[in-house]
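**Student:** Dropping in my_file-v8.pdb, with PDB, C-alpha atoms.
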```
ATOM      1  CA  MET D   1       3.350 -15.091  15.338  1.00  0.00           C
ATOM      2  CA  ASP D   2       0.355 -17.354  14.830  1.00  0.00           C
ATOM      3  CA  ILE D   3      -0.419 -16.717  11.185  1.00  0.00           C
ATOM      4  CA  LEU D   4      -3.445 -19.047  11.158  1.00  0.00           C
ATOM      5  CA  SER D   5      -5.126 -17.074  13.952  1.00  0.00           C
ATOM      6  CA  LEU D   6      -4.309 -13.837  12.210  1.00  0.00           C
ATOM      7  CA  MET D   7      -5.776 -15.114   8.936  1.00  0.00           C
ATOM      8  CA  ARG D   8      -8.922 -16.434  10.658  1.00  0.00           C
ATOM      9  CA  GLU D   9      -9.553 -12.943  11.973  1.00  0.00           C
ATOM     10  CA  ARG D  10      -8.845 -11.465   8.563  1.00  0.00           C
ATOM     11  CA  ALA D  11     -11.132 -13.977   6.787  1.00  0.00           C
ATOM     12  CA  ALA D  12     -14.158 -12.255   8.315  1.00  0.00           C
ATOM     13  CA  THR D  13     -13.549  -9.319   5.966  1.00  0.00           C
ATOM     14  CA  GLU D  14     -12.764 -11.350   2.820  1.00  0.00           C
ATOM     15  CA  VAL D  15     -15.076 -13.058   0.313  1.00  0.00           C
ATOM     16  CA  CYS D  16     -14.900 -16.381  -1.492  1.00  0.00           C
ATOM     17  CA  PRO D  17     -13.769 -16.035  -5.128  1.00  0.00           C
ATOM     18  CA  ARG D  18     -16.449 -18.511  -6.230  1.00  0.00           C
ATOM     19  CA  CYS D  19     -19.643 -17.841  -4.243  1.00  0.00           C
ATOM     20  CA  ARG D  20     -18.714 -14.239  -3.205  1.00  0.00           C
ATOM     21  CA  ARG D  21     -19.849 -14.924   0.361  1.00  0.00           C
ATOM     22  CA  ASN D  22     -17.948 -14.098   3.516  1.00  0.00           C
ATOM     23  CA  LEU D  23     -15.075 -16.454   4.446  1.00  0.00           C
ATOM     24  CA  ARG D  24     -15.758 -16.098   8.187  1.00  0.00           C
ATOM     25  CA  ASN D  25     -15.867 -19.839   9.013  1.00  0.00           C
ATOM     26  CA  CYS D  26     -13.476 -21.074   6.326  1.00  0.00           C
ATOM     27  CA  GLU D  27     -11.001 -23.883   6.899  1.00  0.00           C
ATOM     28  CA  LEU D  28      -7.339 -22.890   6.861  1.00  0.00           C
ATOM     29  CA  ALA D  29      -4.330 -25.168   6.519  1.00  0.00           C
ATOM     30  CA  MET D  30      -0.656 -24.203   6.464  1.00  0.00           C
ATOM     31  CA  LEU D  31       1.070 -25.587   3.372  1.00  0.00           C
ATOM     32  CA  ARG D  32       4.410 -23.826   3.657  1.00  0.00           C
ATOM     33  CA  GLU D  33       6.033 -21.470   6.126  1.00  0.00           C
ATOM     34  CA  ASP D  34       8.977 -19.335   5.025  1.00  0.00           C
ATOM     35  CA  ASP D  35       8.707 -16.466   7.493  1.00  0.00           C
ATOM     36  CA  PRO D  36       7.668 -13.769   6.534  1.00  0.00           C
ATOM     37  CA  GLN D  37       5.949 -15.598   3.637  1.00  0.00           C
ATOM     38  CA  PHE D  38       3.251 -18.202   4.257  1.00  0.00           C
ATOM     39  CA  THR D  39       1.345 -20.439   1.835  1.00  0.00           C
ATOM     40  CA  LEU D  40      -2.145 -21.355   3.055  1.00  0.00           C
ATOM     41  CA  GLN D  41      -4.951 -23.521   1.745  1.00  0.00           C
ATOM     42  CA  VAL D  42      -8.383 -21.976   2.210  1.00  0.00           C
ATOM     43  CA  THR D  43     -11.681 -23.879   1.942  1.00  0.00           C
ATOM     44  CA  CYS D  44     -14.929 -21.916   1.848  1.00  0.00           C
ATOM     45  CA  ALA D  45     -17.389 -23.141   4.491  1.00  0.00           C
ATOM     46  CA  LEU D  46     -20.365 -22.534   2.184  1.00  0.00           C
ATOM     47  CA  CYS D  47     -19.469 -23.687  -1.339  1.00  0.00           C
ATOM     48  CA  ARG D  48     -16.454 -25.852  -0.339  1.00  0.00           C
ATOM     49  CA  VAL D  49     -14.174 -24.424  -3.037  1.00  0.00           C
ATOM     50  CA  THR D  50     -10.506 -24.780  -2.092  1.00  0.00           C
ATOM     51  CA  PHE D  51      -7.820 -22.332  -3.141  1.00  0.00           C
ATOM     52  CA  VAL D  52      -4.283 -21.429  -2.178  1.00  0.00           C
ATOM     53  CA  ILE D  53      -3.071 -18.021  -1.034  1.00  0.00           C
ATOM     54  CA  VAL D  54       0.407 -16.708  -0.363  1.00  0.00           C
ATOM     55  CA  VAL D  55       0.675 -14.146   2.417  1.00  0.00           C
ATOM     56  CA  GLN D  56       3.671 -11.990   3.200  1.00  0.00           C
ATOM     57  CA  VAL D  57       3.652 -10.360   6.623  1.00  0.00           C
ATOM     58  CA  ARG D  58       5.494  -7.127   7.423  1.00  0.00           C
ATOM     59  CA  ASP D  59       6.407  -5.991  10.863  1.00  0.00           C
ATOM     60  CA  ARG D  60       4.635  -2.627  11.174  1.00  0.00           C
ATOM     61  CA  ARG D  61       7.056  -1.474  13.848  1.00  0.00           C
ATOM     62  CA  GLU D  62      10.023  -1.877  11.459  1.00  0.00           C
ATOM     63  CA  GLN D  63       8.135   0.024   8.770  1.00  0.00           C
ATOM     64  CA  GLU D  64       7.336   2.867  11.189  1.00  0.00           C
ATOM     65  CA  VAL D  65      10.984   3.073  12.294  1.00  0.00           C
ATOM     66  CA  ALA D  66      12.127   3.233   8.658  1.00  0.00           C
ATOM     67  CA  GLU D  67       9.654   6.023   7.935  1.00  0.00           C
ATOM     68  CA  VAL D  68      10.749   8.017  10.998  1.00  0.00           C
ATOM     69  CA  ALA D  69      14.466   7.475  10.308  1.00  0.00           C
ATOM     70  CA  ASP D  70      14.352   9.104   6.856  1.00  0.00           C
ATOM     71  CA  PRO D  71      11.653  11.764   6.728  1.00  0.00           C
ATOM     72  CA  GLY D  72      13.250  13.469   3.697  1.00  0.00           C
ATOM     73  CA  PRO D  73      13.054  17.177   2.970  1.00  0.00           C
ATOM     74  CA  PRO D  74       9.951  19.046   4.070  1.00  0.00           C
ATOM     75  CA  PRO D  75       7.470  19.776   1.295  1.00  0.00           C
ATOM     76  CA  ALA D  76       7.711  23.176  -0.336  1.00  0.00           C
ATOM     77  CA  PRO D  77       4.951  25.583   0.624  1.00  0.00           C
ATOM     78  CA  PRO D  78       2.322  26.169  -2.058  1.00  0.00           C
ATOM     79  CA  LEU D  79       2.652  29.178  -4.340  1.00  0.00           C
ATOM     80  CA  SER D  80       0.660  32.207  -3.307  1.00  0.00           C
ATOM     81  CA  GLY D  81      -1.532  34.051  -5.772  1.00  0.00           C
ATOM     82  CA  GLU D  82       0.937  36.967  -5.796  1.00  0.00           C
ATOM     83  CA  GLU D  83       3.866  34.659  -6.593  1.00  0.00           C
ATOM     84  CA  LEU D  84       1.927  33.086  -9.438  1.00  0.00           C
ATOM     85  CA  LEU D  85       1.113  36.505 -10.922  1.00  0.00           C
ATOM     86  CA  ASP D  86       4.761  37.599 -10.585  1.00  0.00           C
ATOM     87  CA  LEU D  87       5.903  34.455 -12.404  1.00  0.00           C
ATOM     88  CA  HIS D  88       3.339  35.019 -15.152  1.00  0.00           C
ATOM     89  CA  GLU D  89       4.560  38.585 -15.707  1.00  0.00           C
ATOM     90  CA  LEU D  90       8.202  37.478 -15.707  1.00  0.00           C
ATOM     91  CA  LEU D  91       7.544  34.811 -18.349  1.00  0.00           C
ATOM     92  CA  ARG D  92       5.266  37.037 -20.426  1.00  0.00           C
ATOM     93  CA  ASP D  93       7.888  39.756 -20.781  1.00  0.00           C
ATOM     94  CA  HIS D  94      10.963  37.498 -21.141  1.00  0.00           C
ATOM     95  CA  GLN D  95      12.804  37.446 -24.451  1.00  0.00           C
ATOM     96  CA  GLY D  96      15.530  34.795 -24.596  1.00  0.00           C
ATOM     97  CA  THR D  97      16.412  31.318 -23.413  1.00  0.00           C
ATOM     98  CA  LEU D  98      15.463  29.550 -20.218  1.00  0.00           C
ATOM     99  CA  THR D  99      19.114  29.652 -19.138  1.00  0.00           C
ATOM    100  CA  ASP D 100      19.063  33.452 -19.461  1.00  0.00           C
ATOM    101  CA  LEU D 101      15.910  33.562 -17.351  1.00  0.00           C
ATOM    102  CA  LEU D 102      17.461  31.532 -14.527  1.00  0.00           C
ATOM    103  CA  LYS D 103      20.698  33.574 -14.271  1.00  0.00           C
ATOM    104  CA  PRO D 104      20.930  35.725 -11.115  1.00  0.00           C
TER     105      PRO D 104
END
```
Could you quickly redo this structure as structure tokens?
**Tutor:**
Amino acid sequence: MDILSLMRERAATEVCPRCRRNLRNCELAMLREDDPQFTLQVTCALCRVTFVIVVQVRDRREQEVAEVADPGPPPAPPLSGEELLDLHELLRDHQGTLTDLLKP
């Protein structure tokens, strides 16, 4: 993976923390590479401020596989209006503890 190319593309959507202008033509230099973490030096092409960023890159394919592998239980369907009214009547008329209410 060419992280510098990836970050050059990404810079077009980011702004300089000092002048708040687009970082499209900024200078990038790799300071440290500990895949998947990269430390880069960024210099704004307009105001020439230099700052350091740390980027951690995830493999989207691994994330998608993890999400597919464990989908978890399906969400419960929403309560209908009738079910909500039935619950209201049950609670309104109940005399006793919650444990008594939940017994079959």
**Student:** Please determine an axis-aligned box that encloses all atoms of stretch 24-37 of chain D listed in the file, with 3 Å added on each side, and express its centre and edge lengths in Å to one decimal as AutoDock Vina command-line options.
**Tutor:**
```
--center_x -3.4 --center_y -19.7 --center_z 6.2 --size_x 30.8 --size_y 17.8 --size_z 11.6
```
**Student:** With distances taken over all atoms listed in the file, which of D:Leu85, D:Ala45, D:Leu79, D:Ala29 is nearest to D:Ile3?
**Tutor:**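 The answer is D:Ala29, which sits nearest to D:Ile3.
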**Student:** Taking 4 positions as the minimum chain separation for residues in the same chain, which residues sit within 10 Å of D:Val55 when counting only C-alpha atoms? Answer as a ChimeraX atom specification.
**Tutor:** /D:3,7,33,35-40
**Student:** Neighbours of D:Val42 within 6 Å (only C-alpha atoms; same-chain residues fewer than 5 positions away dropped), as a CSV table (one decimal) with C-alpha atoms, in the coordinates of the input?
**Tutor:**
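So the final result, stored in out.csv, reads:
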```csv
chain,number,residue,atom,x,y,z
D,27,GLU,CA,-11.0,-23.9,6.9
D,28,LEU,CA,-7.3,-22.9,6.9
D,50,THR,CA,-10.5,-24.8,-2.1
D,51,PHE,CA,-7.8,-22.3,-3.1
```
**Student:** Quote the spacing between atom CA of D:Pro104 and atom CA of D:Pro77 in Å to one decimal place.
**Tutor:** 22.3 Å
**Student:** Between atom CA of D:Val52 and atom CA of D:Leu6, measure the distance and give it in Å to one decimal.
**Tutor:**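 Distance reported for this atom pair: 16.3 Å.
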**Student:** Between atom CA of D:Ser5 and atom CA of D:Thr43, what is the distance, to one decimal in Å?
**Tutor:**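 Atom CA of D:Thr43 lies 15.3 Å from atom CA of D:Ser5.
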**Student:** Quick one: residues within 12 Å of (-7.4, -11.5, 9.0) (file frame), counting all atoms listed in the file, please, as a PyMOL selection string.
**Tutor:** chain D and resi 2-15+23-26+28+55+57
**Student:** In terms of the shortest atom-to-atom distance over only C-alpha atoms, which of D:Met30, D:Ala76, D:Cys19, D:Leu91 is closest to D:Cys47?
**Tutor:**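 With only C-alpha atoms as the atom set, the closest residue is D:Cys19.
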